[in-house]
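Here's run18.txt, which has compact mmCIF, C-alpha atoms:
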# COMPACT_ATOMS: atom_id res chain seq x y z
CA MET J 693 7.79 32.65 8.87
CA ASN J 694 5.81 35.37 7.13
CA ILE J 695 4.55 34.94 3.63
CA ASP J 696 6.98 37.37 1.96
CA SER J 697 10.08 35.63 3.22
CA LEU J 698 8.53 32.27 2.36
CA ILE J 699 8.06 33.47 -1.21
CA ASN J 700 11.67 34.63 -1.32
CA LYS J 701 12.73 31.24 -0.06
CA TYR J 702 10.58 29.67 -2.76
CA PHE J 703 12.34 31.58 -5.52
CA GLU J 704 15.68 30.60 -4.05
CA GLY J 705 14.60 26.99 -4.55
CA ALA J 706 14.94 26.36 -0.84
CA THR J 707 11.38 25.52 0.23
CA THR J 708 10.30 22.04 1.27
CA SER J 709 7.28 20.32 -0.30
CA GLU J 710 5.37 21.07 2.90
CA GLU J 711 6.08 24.80 2.57
CA GLU J 712 5.08 24.72 -1.09
CA ARG J 713 1.78 23.09 -0.13
CA TYR J 714 1.26 25.91 2.33
CA LEU J 715 1.96 28.49 -0.39
CA ARG J 716 -0.52 26.86 -2.77
CA ARG J 717 -3.20 26.88 -0.06
CA PHE J 718 -2.42 30.51 0.73
CA PHE J 719 -2.87 31.60 -2.88
CA ALA J 720 -6.05 29.59 -3.30
CA GLU J 721 -7.83 31.65 -0.64
CA GLU J 722 -9.02 35.24 -0.61
CA PRO J 723 -7.99 37.85 0.25
CA ILE J 724 -4.46 38.03 -1.14
CA PRO J 725 -2.43 41.18 -0.42
CA ASP J 726 -2.17 43.33 -3.55
CA HIS J 727 1.59 43.12 -3.89
CA LEU J 728 1.39 39.29 -3.92
CA LYS J 729 -1.40 38.91 -6.47
CA VAL J 730 1.07 38.47 -9.32
CA TYR J 731 2.09 35.09 -7.88
CA ARG J 732 -1.38 33.66 -7.81
CA PRO J 733 -1.47 32.24 -11.38
CA LEU J 734 1.76 30.32 -10.80
CA PHE J 735 0.48 28.51 -7.72
CA ALA J 736 -2.98 28.11 -9.22
CA TYR J 737 -1.37 26.40 -12.21
CA PHE J 738 0.53 23.96 -9.96
CA GLU J 739 -2.58 23.26 -7.94
CA GLN J 740 -4.52 22.47 -11.10
CA GLU J 741 -1.80 20.15 -12.42
CA ILE J 742 -1.59 18.31 -9.10
CA GLU J 743 -5.36 17.82 -9.08
CA GLN J 744 -5.26 16.49 -12.63
CA ASN J 745 -2.47 14.10 -11.74
CA LYS J 746 -4.48 12.81 -8.81
CA ASN J 747 -7.54 12.29 -10.99
CA ASN J 748 -5.59 10.63 -13.76
CA LYS J 749 -3.54 8.18 -11.76
CA PRO J 750 -6.34 6.07 -10.26
CA THR J 751 -8.15 5.80 -13.60
CA THR J 752 -5.09 4.62 -15.50
CA LEU J 753 -4.43 2.14 -12.73
CA SER J 754 -7.98 0.84 -12.65
CA VAL J 755 -8.11 0.59 -16.43
CA ARG J 756 -5.07 -1.62 -16.31
CA LYS J 757 -6.56 -3.64 -13.49
CA THR J 758 -9.90 -4.17 -15.22
CA LYS J 759 -8.08 -5.11 -18.40
CA LYS J 760 -6.23 -7.86 -16.61
CA HIS J 761 -9.35 -8.69 -14.67
CA GLY J 762 -11.22 -8.99 -17.96
CA TRP J 763 -8.79 -11.59 -19.24
CA TYR J 764 -9.15 -13.65 -16.10
CA VAL J 765 -12.94 -13.50 -16.31
CA ALA J 766 -12.93 -14.36 -20.02
CA SER J 767 -10.64 -17.34 -19.60
CA GLY J 768 -12.66 -18.45 -16.58
CA ILE J 769 -15.86 -18.37 -18.58
CA ALA J 770 -14.21 -20.23 -21.47
CA ALA J 771 -12.92 -22.95 -19.15
CA GLY J 772 -16.35 -23.23 -17.49
CA LEU J 773 -18.10 -23.58 -20.84
CA LEU J 774 -15.67 -26.23 -22.00
CA LEU J 775 -16.21 -28.22 -18.81
CA ALA J 776 -19.99 -27.90 -19.08
CA ILE J 777 -20.00 -29.09 -22.71
CA THR J 778 -17.76 -32.05 -21.87
CA VAL J 779 -19.88 -33.12 -18.90
CA ALA J 780 -23.12 -32.69 -20.85
CA GLY J 781 -21.71 -34.68 -23.75
CA MET J 782 -20.52 -37.52 -21.55
CA TYR J 783 -23.82 -37.58 -19.68
CA LYS J 784 -25.77 -37.80 -22.91
CA TYR J 785 -23.47 -40.51 -24.29
CA TYR J 786 -23.72 -42.75 -21.25
CA SER J 787 -27.38 -42.11 -20.58
CA ASN J 788 -28.30 -43.08 -24.17
CA ASN J 789 -26.52 -46.41 -23.78
CA THR J 790 -27.98 -47.42 -20.47
CA ASP J 791 -31.54 -46.15 -20.65
CA CYS J 792 -34.16 -48.28 -22.35
CA TYR J 793 -37.20 -46.62 -23.67
CA VAL J 794 -40.03 -47.31 -25.98
CA ILE J 795 -42.07 -44.95 -28.06
CA ILE J 796 -45.76 -45.79 -28.36
CA ASP J 797 -47.97 -43.47 -30.40
CA GLY J 798 -45.33 -40.79 -30.23
CA LYS J 799 -44.97 -40.98 -26.44
CA ARG J 800 -41.75 -41.98 -24.79
CA TYR J 801 -41.87 -44.54 -21.96
CA THR J 802 -38.79 -45.29 -19.91
CA ASP J 803 -40.27 -48.04 -17.75
CA ALA J 804 -37.90 -51.01 -18.22
CA GLN J 805 -40.53 -53.73 -17.87
CA LEU J 806 -42.82 -52.13 -20.42
CA ALA J 807 -39.96 -51.59 -22.82
CA LYS J 808 -38.96 -55.26 -22.57
CA GLU J 809 -42.52 -56.50 -23.20
CA GLU J 810 -42.97 -54.22 -26.17
CA ALA J 811 -39.63 -55.32 -27.58
CA GLN J 812 -40.60 -59.03 -27.21
CA ALA J 813 -43.89 -58.39 -28.92
CA ALA J 814 -42.17 -56.61 -31.76
CA PHE J 815 -39.74 -59.52 -32.21
CA GLN J 816 -42.65 -61.98 -32.21
CA ASP J 817 -44.19 -60.10 -35.10
CA VAL J 818 -41.19 -60.48 -37.33
CA ALA J 819 -39.92 -63.87 -36.07
CA ILE J 820 -40.13 -66.96 -38.22
CA SER J 821 -40.34 -70.44 -36.62
CA GLU J 822 -37.93 -73.34 -37.33
CA ASP J 823 -40.54 -75.07 -39.51
CA GLU J 824 -40.88 -72.05 -41.65
CA VAL J 825 -37.11 -71.88 -42.09
CA PHE J 826 -36.91 -75.52 -43.24
CA ALA J 827 -39.92 -75.06 -45.41
CA SER J 828 -38.32 -72.12 -47.14
CA LEU J 829 -35.07 -74.07 -47.61
CA PHE J 830 -36.42 -77.31 -49.09
CA ASN J 831 -39.66 -76.38 -50.76
CA GLU J 832 -38.04 -74.99 -53.89
CA MET A 652 12.71 -0.11 -10.68
CA GLU A 653 12.63 1.83 -7.44
CA LEU A 654 15.01 4.38 -5.94
CA ASN A 655 17.36 1.88 -4.30
CA GLN A 656 17.83 -0.19 -7.42
CA PHE A 657 18.10 2.98 -9.50
CA LYS A 658 20.89 4.16 -7.24
CA ILE A 659 22.73 0.89 -7.77
CA THR A 660 22.28 0.43 -11.51
CA VAL A 661 21.94 3.93 -12.97
CA VAL A 662 23.48 6.58 -10.70
CA PRO A 663 26.97 5.00 -10.86
CA LEU A 664 27.03 5.70 -14.62
CA ARG A 665 27.19 9.40 -13.77
CA GLY A 666 30.99 9.78 -13.86
CA LYS A 667 31.29 8.17 -17.25
CA LEU A 668 28.44 10.24 -18.69
CA LEU A 669 29.90 13.39 -17.23
CA ASN A 670 33.23 12.75 -18.97
CA TYR A 671 31.48 12.06 -22.23
CA ALA A 672 29.32 15.20 -21.94
CA ARG A 673 32.36 17.33 -21.11
CA LYS A 674 34.04 16.18 -24.29
CA LEU A 675 30.98 17.04 -26.36
CA THR A 676 30.06 20.36 -24.77
CA ASP A 677 33.48 21.70 -23.84
CA ASP A 678 31.88 23.26 -20.77
CA SER A 679 31.74 21.56 -17.40
CA SER A 680 28.61 23.33 -16.15
CA ASP A 681 26.75 22.49 -19.36
CA ALA A 682 27.94 18.91 -18.99
CA GLU A 683 26.63 18.85 -15.41
CA ASP A 684 23.21 20.06 -16.60
CA VAL A 685 23.11 17.52 -19.41
CA VAL A 686 23.87 14.63 -17.05
CA GLN A 687 21.26 15.87 -14.57
CA GLU A 688 18.73 15.80 -17.36
CA VAL A 689 19.84 12.34 -18.53
CA MET A 690 19.36 10.98 -15.02
CA LEU A 691 15.91 12.55 -14.70
CA LYS A 692 14.90 11.19 -18.09
CA LEU A 693 16.03 7.72 -17.06
CA TRP A 694 14.16 8.10 -13.77
CA ASN A 695 10.97 9.02 -15.61
CA ILE A 696 11.17 5.82 -17.67
CA ARG A 697 12.37 3.70 -14.74
CA GLN A 698 9.48 1.23 -15.17
CA LYS A 699 10.71 0.39 -18.68
CA LEU A 700 14.47 0.30 -18.02
CA GLU A 701 14.51 -3.47 -17.56
CA GLU A 702 13.44 -3.88 -21.18
CA TYR A 703 16.74 -2.45 -22.39
CA ASN A 704 19.70 -4.73 -22.94
CA SER A 705 22.16 -2.14 -21.74
CA ILE A 706 21.08 0.80 -19.65
CA GLU A 707 24.56 2.21 -20.09
CA ALA A 708 24.27 2.29 -23.89
CA LEU A 709 20.88 3.96 -23.54
CA ALA A 710 22.28 6.54 -21.12
CA VAL A 711 25.18 7.33 -23.43
CA ARG A 712 22.81 7.73 -26.37
CA ILE A 713 20.56 10.13 -24.43
CA THR A 714 23.64 12.09 -23.30
CA HIS A 715 24.82 12.34 -26.87
CA ASN A 716 21.43 13.59 -28.09
CA LEU A 717 21.10 16.15 -25.33
CA CYS A 718 24.56 17.52 -26.02
CA MET A 719 23.62 17.89 -29.68
CA ASP A 720 20.39 19.66 -28.70
CA MET A 721 22.32 21.99 -26.45
CA TRP A 722 24.78 22.75 -29.21
CA ARG A 723 21.94 23.52 -31.63
CA SER A 724 20.05 25.73 -29.17
CA LYS A 725 23.20 27.69 -28.46
CA ARG A 726 23.59 28.42 -32.13
CA THR A 727 19.98 29.55 -32.49
CA ASP A 728 20.24 31.58 -29.28
CA GLN A 729 22.63 33.84 -31.10
CA VAL A 730 19.92 34.59 -33.62
CA SER A 731 16.88 35.07 -31.36
CA LEU A 732 18.02 36.35 -28.01
CA ASP A 733 14.91 36.08 -25.88
CA GLN A 734 12.06 33.62 -25.56
CA VAL A 735 9.72 36.32 -24.27
CA PRO A 736 8.55 37.61 -27.64
CA VAL A 737 7.88 34.03 -28.74
CA VAL A 738 5.61 33.42 -25.76
CA SER A 739 3.77 36.73 -25.94
CA GLN A 740 3.02 36.22 -29.60
CA THR A 741 1.12 33.03 -28.89
CA VAL A 742 -0.97 34.61 -26.12
CA ASN A 743 -3.50 37.27 -26.94
CA PRO A 744 -3.03 39.95 -24.21
CA GLU A 745 -6.75 40.73 -24.06
CA ARG A 746 -7.60 37.18 -23.12
CA VAL A 747 -4.91 36.98 -20.47
CA LEU A 748 -7.04 38.99 -18.05
CA GLU A 749 -9.18 36.09 -16.96
CA GLY A 750 -8.07 33.54 -14.37
CA ASN A 751 -8.10 30.51 -16.63
CA ASP A 752 -6.08 32.30 -19.25
CA GLU A 753 -3.52 33.22 -16.62
CA ILE A 754 -3.11 29.52 -15.84
CA ARG A 755 -2.78 28.74 -19.53
CA LEU A 756 -0.16 31.46 -19.82
CA MET A 757 1.78 29.86 -16.94
CA ARG A 758 1.69 26.53 -18.73
CA GLU A 759 3.08 28.15 -21.86
CA ILE A 760 5.78 29.98 -19.98
CA ILE A 761 6.90 26.81 -18.23
CA SER A 762 6.91 24.82 -21.43
CA SER A 763 9.12 27.46 -23.02
CA LEU A 764 11.88 26.72 -20.47
CA PRO A 765 14.85 24.50 -21.31
CA THR A 766 13.84 20.88 -20.70
CA LEU A 767 16.01 20.39 -17.61
CA GLN A 768 14.40 23.37 -15.89
CA GLN A 769 10.96 22.17 -16.95
CA THR A 770 11.61 18.72 -15.54
CA ILE A 771 12.91 20.01 -12.23
CA ILE A 772 9.98 22.41 -11.77
CA ARG A 773 7.55 19.64 -12.64
CA MET A 774 9.10 17.20 -10.20
CA LYS A 775 9.33 19.72 -7.37
CA ASP A 776 6.14 21.74 -7.75
CA ILE A 777 3.75 19.19 -9.27
CA GLU A 778 5.02 15.72 -8.41
CA GLU A 779 6.07 17.00 -4.98
CA TYR A 780 9.56 15.51 -4.78
CA GLU A 781 11.91 16.96 -2.18
CA THR A 782 15.13 18.56 -3.46
CA GLU A 783 17.13 15.90 -1.65
CA GLU A 784 15.26 13.13 -3.51
CA ILE A 785 15.97 14.72 -6.89
CA ALA A 786 19.62 15.03 -5.86
CA GLN A 787 19.71 11.29 -5.06
CA ILE A 788 18.14 10.40 -8.39
CA THR A 789 20.59 12.50 -10.39
CA GLY A 790 23.61 11.81 -8.21
CA CYS A 791 24.34 15.56 -8.00
CA SER A 792 24.47 17.71 -4.92
CA SER A 793 21.28 19.21 -3.46
CA GLU A 794 22.90 22.57 -3.97
CA SER A 795 23.13 22.08 -7.71
CA ILE A 796 19.46 21.02 -7.90
CA ARG A 797 18.45 23.94 -5.70
CA SER A 798 20.26 26.44 -7.92
CA ASN A 799 18.72 25.01 -11.10
CA LEU A 800 15.31 25.08 -9.47
CA SER A 801 15.80 28.67 -8.35
CA ARG A 802 16.92 29.69 -11.83
CA ALA A 803 13.86 28.04 -13.36
CA ARG A 804 11.38 29.61 -10.94
CA LYS A 805 12.89 33.07 -11.30
CA LYS A 806 12.81 32.76 -15.06
CA VAL A 807 9.10 31.89 -14.98
CA ARG A 808 8.45 34.88 -12.74
CA ASP A 809 10.48 37.25 -14.91
CA ILE A 810 8.88 36.19 -18.17
CA TYR A 811 5.43 36.52 -16.59
CA LEU A 812 6.20 40.00 -15.25
CA LYS A 813 7.57 41.11 -18.60
CA ILE A 814 4.39 40.00 -20.35
CA LYS A 815 2.27 41.79 -17.75
CA MET A 816 4.33 44.95 -18.12
CA SER A 817 4.00 44.88 -21.90
CA GLU A 818 0.22 44.68 -21.53
CA THR A 819 -0.17 47.83 -19.46

Represent the structure from my file as structure tokens, please.
Amino acid sequence: MNIDSLINKYFEGATTSEEERYLRRFFAEEPIPDHLKVYRPLFAYFEQEIEQNKNNKPTTLSVRKTKKHGWYVASGIAAGLLLAITVAGMYKYYSNNTDCYVIIDGKRYTDAQLAKEEAQAAFQDVAISEDEVFASLFNE
Amino acid sequence: MELNQFKITVVPLRGKLLNYARKLTDDSSDAEDVVQEVMLKLWNIRQKLEEYNSIEALAVRITHNLCMDMWRSKRTDQVSLDQVPVVSQTVNPERVLEGNDEIRLMREIISSLPTLQQTIIRMKDIEEYETEEIAQITGCSSESIRSNLSRARKKVRDIYLKIKMSET
């Protein structure tokens, strides 16, 4: 079909999308016969709008996707933090109860035997014997 | 909502809307155009249709509004006969010479068309629907879509040519 009859068909509203694509391509390329130049702006306008639509669609889609994605990531991070805090807290709680340590001259020793000896020694220092107890009771 | 579901839930409302539009417009070809436009409007918001309690009530409301618009535009048509002077006033003829301005002029011409013609041109020439698909969406015959499309395209061409003629 030659271009003139295709254009007539176009204005009759009878062209298919395929034929309209062909027309847009035809008017996008030089040279265009003089008597057809008046139609160029129309097809150039459609071509521009189609391009814009193509460029817009993926961005709006990806914006939506990243938005949703963002929520998933945020809630994931929040859940992870909560878990980490809980585990750390429990670890600290239990480890404080089970570990024995002694601080000598500002240094911390965790050796159990040493801690026990130091503790005994410290008790000895403050302990009072039975005699002393009786003495304090009846010597008034 | 996709085409199949649209055909089941929306297109069957066509007869009812057509009756309603006929009562309001007193003209069966105007009524046909109004219902075509209602269907296309509903199609363009098809993703949101599920949010409405009653699609039928929505469709009737749109039909009512479009009939009122048509009634108003007919009254103003009697005052200002042609849209051409309106368009050419907004476009400075000296700037129209360049390619980009030609495209802008096309946009203005198309947006000066009645909304049904605008919508059909947009769907066919920009969103690349086939005539048959638009006919299925609106529930009208392909022939009726084709003739509306033809009218719209010829009108764009004629307005453009008139503006060009007035420039030389």

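Ranking J:Pro723, J:Glu739, J:Arg717, J:Lys729 by their shortest atom-to-atom distance to chain A, with all atoms listed in the file included, puts J:Glu739 first.
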
Report task. May I have the residues of chain A within 7 Å of chain J, counting all atoms listed in the file, written as a PyMOL selection string? Result -> chain A and resi 753-754+757+776-777+779-781+797-798+800-801+804-805

Query raised in the report: What separation in Å, quoted to one decimal, exists between CA of Arg758 in chain A and CA of Leu700 in chain A?
Result: 29.2 Å

Query - Point-to-point distance from CA of Val685 in chain A to CA of Leu767 in chain A, Å rounded to tenths - result: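 Result for CA of Val685 in chain A versus CA of Leu767 in chain A: 7.9 Å, one decimal.
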
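When CA of Met690 in chain A is paired with CA of Val661 in chain A, their separation reads 7.8 Å.
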
Requested in this report: Would you mind listing what lies within 12 Å of His715 in chain A as a list in words, with all atoms listed in the file counted and same-chain residues fewer than 6 positions away left out?
Outcome: Leu668, Leu669, Asn670, Tyr671, Ala672, Arg673, Lys674, Leu675, Thr676, Ala682, Val685, Val686, Glu688, Val689, Ala708, Leu709, Met721 and Trp722 of chain A
